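Chemist: My structure is in work_14.txt, and what it holds is compact mmCIF, C-alpha atoms:
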# COMPACT_ATOMS: atom_id res chain seq x y z
CA MET B 1 2.97 47.82 -41.54
CA ALA B 2 4.74 50.71 -43.18
CA ALA B 3 8.38 50.68 -42.24
CA GLY B 4 9.31 54.07 -43.55
CA CYS B 5 8.63 57.50 -42.21
CA ASP B 6 8.72 61.10 -43.25
CA ARG B 7 7.44 59.98 -46.62
CA GLY B 8 6.54 62.44 -49.25
CA ASP B 9 7.31 66.11 -48.94
CA HIS B 10 9.38 67.33 -46.03
CA PRO B 11 6.72 68.21 -43.45
CA THR B 12 6.72 71.95 -42.85
CA GLN B 13 6.13 71.48 -39.12
CA LEU B 14 9.54 69.94 -38.49
CA GLY B 15 11.66 72.06 -36.17
CA ARG B 16 8.73 74.25 -35.21
CA PRO B 17 7.15 74.38 -31.77
CA ALA B 18 4.31 71.92 -31.43
CA PRO B 19 0.99 73.73 -31.05
CA ASN B 20 -0.06 73.62 -27.43
CA PHE B 21 -3.44 72.15 -26.61
CA THR B 22 -5.57 71.23 -23.67
CA LEU B 23 -7.94 68.27 -23.76
CA THR B 24 -10.48 67.44 -21.10
CA GLU B 25 -12.21 64.10 -20.72
CA GLY B 26 -14.50 63.84 -17.76
CA SER B 27 -12.55 64.98 -14.71
CA ARG B 28 -9.20 64.51 -16.46
CA SER B 29 -7.46 67.38 -18.16
CA LEU B 30 -4.29 67.17 -20.17
CA GLN B 31 -2.08 69.91 -21.55
CA LEU B 32 0.70 69.32 -24.04
CA SER B 33 2.99 71.94 -22.52
CA SER B 34 3.00 70.02 -19.23
CA TYR B 35 5.16 67.38 -20.94
CA ARG B 36 7.95 69.89 -21.64
CA GLY B 37 11.28 68.33 -20.71
CA LYS B 38 10.24 64.90 -21.96
CA VAL B 39 10.35 63.33 -25.38
CA LEU B 40 6.80 62.78 -26.53
CA VAL B 41 5.28 60.56 -29.20
CA LEU B 42 1.93 62.09 -30.10
CA ASN B 43 -0.24 59.61 -31.92
CA PHE B 44 -3.57 60.35 -33.59
CA TRP B 45 -5.80 57.30 -33.85
CA ALA B 46 -9.34 55.92 -33.82
CA THR B 47 -10.91 52.62 -32.83
CA TRP B 48 -12.44 52.24 -36.33
CA CYS B 49 -9.05 52.54 -38.02
CA PRO B 50 -7.41 49.09 -38.48
CA PRO B 51 -3.89 50.42 -39.12
CA CYS B 52 -4.19 52.45 -35.90
CA ILE B 53 -5.08 49.30 -33.97
CA GLU B 54 -2.27 47.45 -35.68
CA GLU B 55 0.39 49.72 -34.19
CA ILE B 56 -0.96 49.71 -30.63
CA PRO B 57 1.08 46.66 -29.49
CA SER B 58 4.31 48.28 -30.61
CA LEU B 59 3.33 51.58 -28.99
CA ASN B 60 2.67 49.61 -25.79
CA GLN B 61 6.05 47.99 -26.05
CA LEU B 62 7.74 51.30 -26.80
CA GLN B 63 6.19 52.83 -23.69
CA ARG B 64 7.26 49.87 -21.57
CA GLU B 65 10.81 49.82 -22.91
CA MET B 66 11.28 53.58 -22.79
CA PRO B 67 9.40 54.73 -19.70
CA GLN B 68 11.27 58.04 -19.76
CA LEU B 69 9.40 58.86 -22.95
CA VAL B 70 5.70 59.73 -23.10
CA VAL B 71 3.39 58.13 -25.61
CA LEU B 72 0.28 60.26 -25.82
CA ALA B 73 -2.51 59.04 -28.07
CA VAL B 74 -5.35 61.30 -29.09
CA SER B 75 -8.38 59.42 -30.35
CA VAL B 76 -10.71 61.10 -32.82
CA ASP B 77 -13.53 58.67 -32.02
CA GLU B 78 -16.87 60.41 -31.95
CA ASP B 79 -18.54 57.42 -30.35
CA GLY B 80 -17.56 57.60 -26.69
CA ASP B 81 -19.09 54.22 -25.90
CA ALA B 82 -17.10 52.49 -28.64
CA TYR B 83 -13.95 54.20 -27.40
CA ARG B 84 -14.49 53.18 -23.77
CA GLN B 85 -15.38 49.64 -24.80
CA PHE B 86 -12.20 49.43 -26.82
CA LEU B 87 -10.11 50.57 -23.88
CA SER B 88 -11.71 48.02 -21.61
CA ASP B 89 -11.18 45.24 -24.18
CA HIS B 90 -7.57 46.06 -24.98
CA ARG B 91 -4.50 46.64 -22.92
CA ILE B 92 -3.17 50.14 -23.45
CA ASP B 93 0.05 50.99 -21.63
CA PHE B 94 0.20 54.62 -22.66
CA THR B 95 -1.90 57.71 -22.13
CA THR B 96 -4.88 58.11 -24.40
CA ILE B 97 -7.50 60.82 -24.49
CA ARG B 98 -10.43 61.48 -26.80
CA ASP B 99 -10.88 64.52 -28.99
CA PRO B 100 -14.18 63.91 -30.79
CA GLN B 101 -14.24 67.42 -32.26
CA ARG B 102 -10.91 66.65 -33.98
CA ARG B 103 -9.56 69.96 -32.83
CA VAL B 104 -6.05 68.85 -31.93
CA ASN B 105 -5.29 66.83 -35.05
CA ALA B 106 -6.44 69.83 -37.11
CA MET B 107 -3.93 72.00 -35.22
CA PHE B 108 -1.21 69.65 -36.40
CA GLY B 109 -2.56 69.45 -39.94
CA THR B 110 -3.51 65.81 -39.59
CA SER B 111 -6.62 64.62 -41.36
CA ARG B 112 -5.78 60.97 -42.02
CA PHE B 113 -5.02 58.27 -39.50
CA PRO B 114 -2.84 57.03 -37.99
CA GLU B 115 -0.33 59.84 -37.88
CA SER B 116 2.28 60.51 -35.20
CA TYR B 117 4.65 63.26 -34.24
CA VAL B 118 7.82 63.11 -32.21
CA ILE B 119 8.14 66.18 -30.02
CA ASP B 120 11.45 66.85 -28.30
CA ARG B 121 12.14 68.05 -24.76
CA ASP B 122 11.91 71.66 -25.92
CA GLY B 123 8.46 71.13 -27.38
CA ARG B 124 9.59 71.15 -31.01
CA ILE B 125 8.30 68.76 -33.64
CA ARG B 126 11.23 66.65 -34.72
CA ARG B 127 9.66 64.00 -36.87
CA LYS B 128 6.36 63.04 -38.40
CA PHE B 129 5.31 59.47 -39.08
CA ILE B 130 2.47 58.70 -41.38
CA SER B 131 0.57 55.44 -41.35
CA ALA B 132 1.21 52.56 -38.95
CA GLN B 133 4.76 51.98 -37.73
CA ASP B 134 6.68 49.32 -35.91
CA TRP B 135 7.63 51.52 -32.99
CA THR B 136 10.04 48.94 -31.65
CA SER B 137 12.15 48.85 -34.79
CA PRO B 138 15.81 49.57 -34.01
CA GLU B 139 15.74 52.59 -36.31
CA ILE B 140 12.91 54.28 -34.41
CA MET B 141 14.03 53.25 -30.93
CA ASN B 142 17.60 54.40 -31.57
CA TYR B 143 16.30 57.67 -32.95
CA LEU B 144 14.10 58.27 -29.89
CA ALA B 145 16.87 57.28 -27.49
CA ARG B 146 19.16 59.90 -29.03
CA LEU B 147 16.74 62.78 -28.52
CA MET R 1 -9.89 33.18 -58.28
CA HIS R 2 -8.22 35.71 -60.54
CA GLU R 3 -6.11 38.54 -59.21
CA PRO R 4 -7.77 41.93 -59.54
CA ILE R 5 -6.19 44.40 -61.86
CA ALA R 6 -3.77 46.87 -60.35
CA TRP R 7 -4.36 50.30 -61.81
CA TYR R 8 -1.45 52.67 -61.97
CA ASP R 9 -1.54 56.34 -62.73
CA ASP R 10 1.14 58.02 -64.79
CA VAL R 11 3.44 58.63 -61.82
CA MET R 12 3.50 54.92 -61.02
CA THR R 13 1.82 54.88 -57.65
CA THR R 14 1.16 51.77 -55.64
CA ASN R 15 -2.62 51.78 -55.86
CA LEU R 16 -4.72 48.71 -56.06
CA ASP R 17 -8.42 48.58 -56.87
CA VAL R 18 -10.54 45.91 -55.21
CA LEU R 19 -14.22 45.47 -55.84
CA TYR R 20 -16.54 44.12 -53.14
CA ARG R 21 -20.16 43.06 -53.33
CA TYR R 22 -22.51 43.80 -50.49
CA GLU R 23 -25.91 42.32 -49.80
CA MET R 24 -27.95 44.81 -47.80
CA HIS R 25 -27.87 48.46 -48.73
CA PRO R 26 -25.74 50.36 -46.23
CA THR R 27 -27.61 52.17 -43.48
CA GLU R 28 -27.11 55.86 -42.90
CA SER R 29 -24.79 55.16 -39.99
CA ALA R 30 -22.78 52.75 -42.16
CA MET R 31 -22.41 55.43 -44.82
CA ILE R 32 -21.22 57.89 -42.20
CA ALA R 33 -18.72 55.28 -40.97
CA LEU R 34 -17.63 54.76 -44.56
CA GLY R 35 -16.95 58.46 -44.82
CA LYS R 36 -14.65 58.18 -41.81
CA ALA R 37 -12.93 55.16 -43.37
CA ARG R 38 -11.71 57.46 -46.12
CA GLY R 39 -9.57 59.09 -43.43
CA VAL R 40 -7.48 55.96 -42.94
CA TYR R 41 -3.99 56.26 -44.39
CA GLY R 42 -3.70 54.24 -47.55
CA ILE R 43 -7.35 54.47 -48.54
CA ARG R 44 -7.43 56.53 -51.69
CA LYS R 45 -11.01 56.22 -52.86
CA ILE R 46 -14.23 54.38 -52.06
CA VAL R 47 -16.95 54.33 -54.68
CA VAL R 48 -20.34 52.81 -53.85
CA ASP R 49 -22.55 51.63 -56.70
CA GLU R 50 -25.96 51.17 -55.14
CA GLN R 51 -27.50 49.66 -58.28
CA LYS R 52 -24.88 46.95 -58.62
CA LYS R 53 -24.46 46.68 -54.84
CA THR R 54 -20.73 46.98 -55.18
CA MET R 55 -18.04 49.01 -53.53
CA LEU R 56 -14.80 49.83 -55.31
CA VAL R 57 -11.93 50.56 -52.96
CA GLU R 58 -8.70 52.04 -54.21
CA PHE R 59 -5.90 51.67 -51.71
CA ASP R 60 -2.14 51.90 -51.45
CA PHE R 61 -0.90 48.34 -51.15
CA THR R 62 2.35 49.46 -49.55
CA ARG R 63 0.36 50.63 -46.52
CA LEU R 64 -2.66 48.34 -46.39
CA ASN R 65 -3.54 44.87 -47.50
CA ARG R 66 -6.78 43.23 -48.56
CA ASP R 67 -7.49 41.81 -45.10
CA VAL R 68 -7.17 45.22 -43.47
CA VAL R 69 -9.38 46.83 -46.10
CA MET R 70 -12.01 44.12 -45.66
CA GLU R 71 -11.84 44.58 -41.87
CA LEU R 72 -12.23 48.32 -42.30
CA LEU R 73 -15.30 47.92 -44.51
CA ARG R 74 -16.88 45.36 -42.21
CA SER R 75 -16.26 47.60 -39.21
CA THR R 76 -18.50 50.21 -40.84
CA GLY R 77 -21.38 47.74 -40.58
CA ILE R 78 -21.63 47.17 -44.33
CA ASP R 79 -22.63 43.64 -45.20
CA ILE R 80 -19.72 42.70 -47.48
CA VAL R 81 -20.39 39.36 -49.11
CA GLU R 82 -17.44 38.80 -51.38
CA GLU R 83 -14.59 40.25 -53.33
CA ILE R 84 -15.30 40.38 -57.05
CA PRO R 85 -12.39 39.68 -59.39
CA LEU R 86 -11.75 42.73 -61.54
CA ALA R 87 -9.79 40.88 -64.18
CA ALA R 88 -11.90 39.03 -66.68
CA PRO R 89 -11.23 35.30 -66.78
CA PRO R 90 -9.24 34.25 -69.82
CA ALA R 91 -11.39 33.27 -72.75
CA PRO R 92 -11.41 29.53 -73.44
CA LYS R 93 -9.10 28.53 -76.25
CA GLU R 94 -10.99 27.92 -79.43
CA THR R 95 -10.32 24.62 -81.05
CA ALA R 96 -9.83 24.80 -84.76
CA ALA R 97 -12.85 23.63 -86.65
CA PRO R 98 -12.12 20.67 -88.92
CA LEU R 99 -11.64 21.66 -92.51
CA PRO R 100 -14.48 20.66 -94.78
CA PRO R 101 -13.67 17.72 -97.02
CA LYS R 102 -12.45 18.76 -100.45
What do you get writing this file as structure tokens?

Modeler:
Amino acid sequence: MAAGCDRGDHPTQLGRPAPNFTLTEGSRSLQLSSYRGKVLVLNFWATWCPPCIEEIPSLNQLQREMPQLVVLAVSVDEDGDAYRQFLSDHRIDFTTIRDPQRRVNAMFGTSRFPESYVIDRDGRIRRKFISAQDWTSPEIMNYLARL
Amino acid sequence: MHEPIAWYDDVMTTNLDVLYRYEMHPTESAMIALGKARGVYGIRKIVVDEQKKTMLVEFDFTRLNRDVVMELLRSTGIDIVEEIPLAAPPAPKETAAPLPPK
């Protein structure tokens, strides 16, 4: 599991407002702007992506240990059956929604998975994490607690 | 089993090439899934050689490991049989032929 973050060039999105989006899945609709006032970890993932699966337990633990924070995972799975089967087979303690058209990740400039963004209470992107992380590492948890 | 060769480019990346052999030719859906697999962080390149029934995967070993790559390939539905060593085995040492009698 990659321990580092913000690797490579300084992401241009940092400090900018996160692009707002609305996703609908069945009768459920979710809008990013509705989380304003909360620190949000926005994670892009897919069931066919082993590193994405690898970081789910630590995302679960992060959500449990920091309930004031929102972990929102957007799956790019095209196969709805595989996605639903995965959710029924695995315990997921955070919010996840499917975006098979890959519209939202494109808005953030994400084309590889997993990739995550930390969005502050004002809706600004504060940090970008590429590849799988240990979300319960002291470095990340301390950082999130300070936001 | 010999360790595969690690190939580095001139900026000293952390890429590793691993060659896999598959048995059955990938189905169309498996090839589509393989296309998606290229979107996983750490996967740099996947080259399928249909004649040799091999698949060369270049990945960043600081982000992924062999087990994860194998899992990723198998999840596409491709019938991976084995990993093929990329490094040639060392040639056996030649024993000096006895000198002819003078």

Chemist: Can you pull out every residue within 7 Å of range 17-26 of chain B, counting only C-alpha atoms, but drop anything in the same chain fewer than 4 positions away, and send it as a PyMOL selection string?

Modeler: chain B and resi 30-33+97-98+104+107+123-125

Chemist: Kindly give the distance, in Å, that separates CA of Trp45 in chain B and CA of Tyr20 in chain R, rounded to a single decimal.

Modeler: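 Separation between CA of Trp45 in chain B and CA of Tyr20 in chain R: 25.7 Å.
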
Chemist: Would you please work out which residue, of B:Leu72, B:Ile92, B:Leu144, B:Ala132, is nearest to chain R when using all atoms listed in the file?

Modeler: B:Ala132

Chemist: Define the interface residues of chain R facing chain B as those within 12 Å, counting all atoms listed in the file, and report them as number ranges by chain.

Modeler: R: 29-30, 32-44, 60-77

Chemist: For those residues, write C-alpha atoms to a file as a CSV table (one decimal), in the frame of the given file.

Modeler:
chain,number,residue,atom,x,y,z
R,29,SER,CA,-24.8,55.2,-40.0
R,30,ALA,CA,-22.8,52.8,-42.2
R,32,ILE,CA,-21.2,57.9,-42.2
R,33,ALA,CA,-18.7,55.3,-41.0
R,34,LEU,CA,-17.6,54.8,-44.6
R,35,GLY,CA,-17.0,58.5,-44.8
R,36,LYS,CA,-14.6,58.2,-41.8
R,37,ALA,CA,-12.9,55.2,-43.4
R,38,ARG,CA,-11.7,57.5,-46.1
R,39,GLY,CA,-9.6,59.1,-43.4
R,40,VAL,CA,-7.5,56.0,-42.9
R,41,TYR,CA,-4.0,56.3,-44.4
R,42,GLY,CA,-3.7,54.2,-47.6
R,43,ILE,CA,-7.4,54.5,-48.5
R,44,ARG,CA,-7.4,56.5,-51.7
R,60,ASP,CA,-2.1,51.9,-51.4
R,61,PHE,CA,-0.9,48.3,-51.2
R,62,THR,CA,2.4,49.5,-49.6
R,63,ARG,CA,0.4,50.6,-46.5
R,64,LEU,CA,-2.7,48.3,-46.4
R,65,ASN,CA,-3.5,44.9,-47.5
R,66,ARG,CA,-6.8,43.2,-48.6
R,67,ASP,CA,-7.5,41.8,-45.1
R,68,VAL,CA,-7.2,45.2,-43.5
R,69,VAL,CA,-9.4,46.8,-46.1
R,70,MET,CA,-12.0,44.1,-45.7
R,71,GLU,CA,-11.8,44.6,-41.9
R,72,LEU,CA,-12.2,48.3,-42.3
R,73,LEU,CA,-15.3,47.9,-44.5
R,74,ARG,CA,-16.9,45.4,-42.2
R,75,SER,CA,-16.3,47.6,-39.2
R,76,THR,CA,-18.5,50.2,-40.8
R,77,GLY,CA,-21.4,47.7,-40.6

Chemist: Please, which residues are within 7 Å of (-12.7, 51.5, -50.2) by the file's coordinates, counting all atoms listed in the file, and could they come as a PyMOL selection string?

Modeler: chain R and resi 43+45-47+55-59

Chemist: Could you please determine the separation between CA of Leu40 in chain B and CA of Leu59 in chain B in Å, to one decimal place?

Modeler: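 The value is 12.0 Å.
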
Chemist: Select, counting only C-alpha atoms, all protein, DNA and RNA residues no farther than 12 Å from (8.1, 70.4, -34.1) in file coordinates, and express the selection as an MDAnalysis selection string.

Modeler: chainID B and resid 11:20 39:42 108 116:128

Chemist: Go ahead and dump the residues you just picked, C-alpha atoms, as a PDB file, in the coordinates of the input.

Modeler:
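What ended up in part05.pdb:
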ATOM      1  CA  PRO B  11       6.720  68.210 -43.450  1.00  0.00           C
ATOM      2  CA  THR B  12       6.720  71.950 -42.850  1.00  0.00           C
ATOM      3  CA  GLN B  13       6.130  71.480 -39.120  1.00  0.00           C
ATOM      4  CA  LEU B  14       9.540  69.940 -38.490  1.00  0.00           C
ATOM      5  CA  GLY B  15      11.660  72.060 -36.170  1.00  0.00           C
ATOM      6  CA  ARG B  16       8.730  74.250 -35.210  1.00  0.00           C
ATOM      7  CA  PRO B  17       7.150  74.380 -31.770  1.00  0.00           C
ATOM      8  CA  ALA B  18       4.310  71.920 -31.430  1.00  0.00           C
ATOM      9  CA  PRO B  19       0.990  73.730 -31.050  1.00  0.00           C
ATOM     10  CA  ASN B  20      -0.060  73.620 -27.430  1.00  0.00           C
ATOM     11  CA  VAL B  39      10.350  63.330 -25.380  1.00  0.00           C
ATOM     12  CA  LEU B  40       6.800  62.780 -26.530  1.00  0.00           C
ATOM     13  CA  VAL B  41       5.280  60.560 -29.200  1.00  0.00           C
ATOM     14  CA  LEU B  42       1.930  62.090 -30.100  1.00  0.00           C
ATOM     15  CA  PHE B 108      -1.210  69.650 -36.400  1.00  0.00           C
ATOM     16  CA  SER B 116       2.280  60.510 -35.200  1.00  0.00           C
ATOM     17  CA  TYR B 117       4.650  63.260 -34.240  1.00  0.00           C
ATOM     18  CA  VAL B 118       7.820  63.110 -32.210  1.00  0.00           C
ATOM     19  CA  ILE B 119       8.140  66.180 -30.020  1.00  0.00           C
ATOM     20  CA  ASP B 120      11.450  66.850 -28.300  1.00  0.00           C
ATOM     21  CA  ARG B 121      12.140  68.050 -24.760  1.00  0.00           C
ATOM     22  CA  ASP B 122      11.910  71.660 -25.920  1.00  0.00           C
ATOM     23  CA  GLY B 123       8.460  71.130 -27.380  1.00  0.00           C
ATOM     24  CA  ARG B 124       9.590  71.150 -31.010  1.00  0.00           C
ATOM     25  CA  ILE B 125       8.300  68.760 -33.640  1.00  0.00           C
ATOM     26  CA  ARG B 126      11.230  66.650 -34.720  1.00  0.00           C
ATOM     27  CA  ARG B 127       9.660  64.000 -36.870  1.00  0.00           C
ATOM     28  CA  LYS B 128       6.360  63.040 -38.400  1.00  0.00           C
TER      29      LYS B 128
END

Chemist: Given 3 Å of margin on each side, can you work out the centre and size in Å (one decimal) of an axis-aligned box holding every listed atom of range 68-78 of chain B, as JSON?

Modeler:
{"center_x": -2.8, "center_y": 59.7, "center_z": -26.3, "size_x": 34.1, "size_y": 9.3, "size_z": 19.1}

Chemist: Rank nothing, just name the residue among B:Gln63, B:Gln101, B:Asn142, B:Thr95 nearest to Ser29 in chain B, using only C-alpha atoms.

Modeler: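 Using only C-alpha atoms, the shortest distance to Ser29 in chain B belongs to B:Thr95.
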
Chemist: Looking at B:Pro67, B:Ser88, B:Glu78, B:Thr96, which one is nearest to Asn43 in chain B, with distances taken over only C-alpha atoms?

Modeler: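 Selected residue with least distance to Asn43 in chain B: B:Thr96.
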
Chemist: What is the CA of Ile80 in chain R-CA of Pro26 in chain R distance in Å, reported with one decimal?

Modeler: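 According to the coordinates, CA of Ile80 in chain R and CA of Pro26 in chain R are separated by 9.8 Å.
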
Chemist: Within 9 Å of Ile84 in chain R, counting all atoms listed in the file, which residues show up once you throw out same-chain ones fewer than 5 positions away? Write them as a PyMOL selection string, please.

Modeler: chain R and resi 4+18-21+54

Chemist: Considering only C-alpha atoms, can you say which of B:Phe44, B:Ser137, B:Val71, B:Glu55 comes closest to Pro100 in chain B?

Modeler: B:Phe44
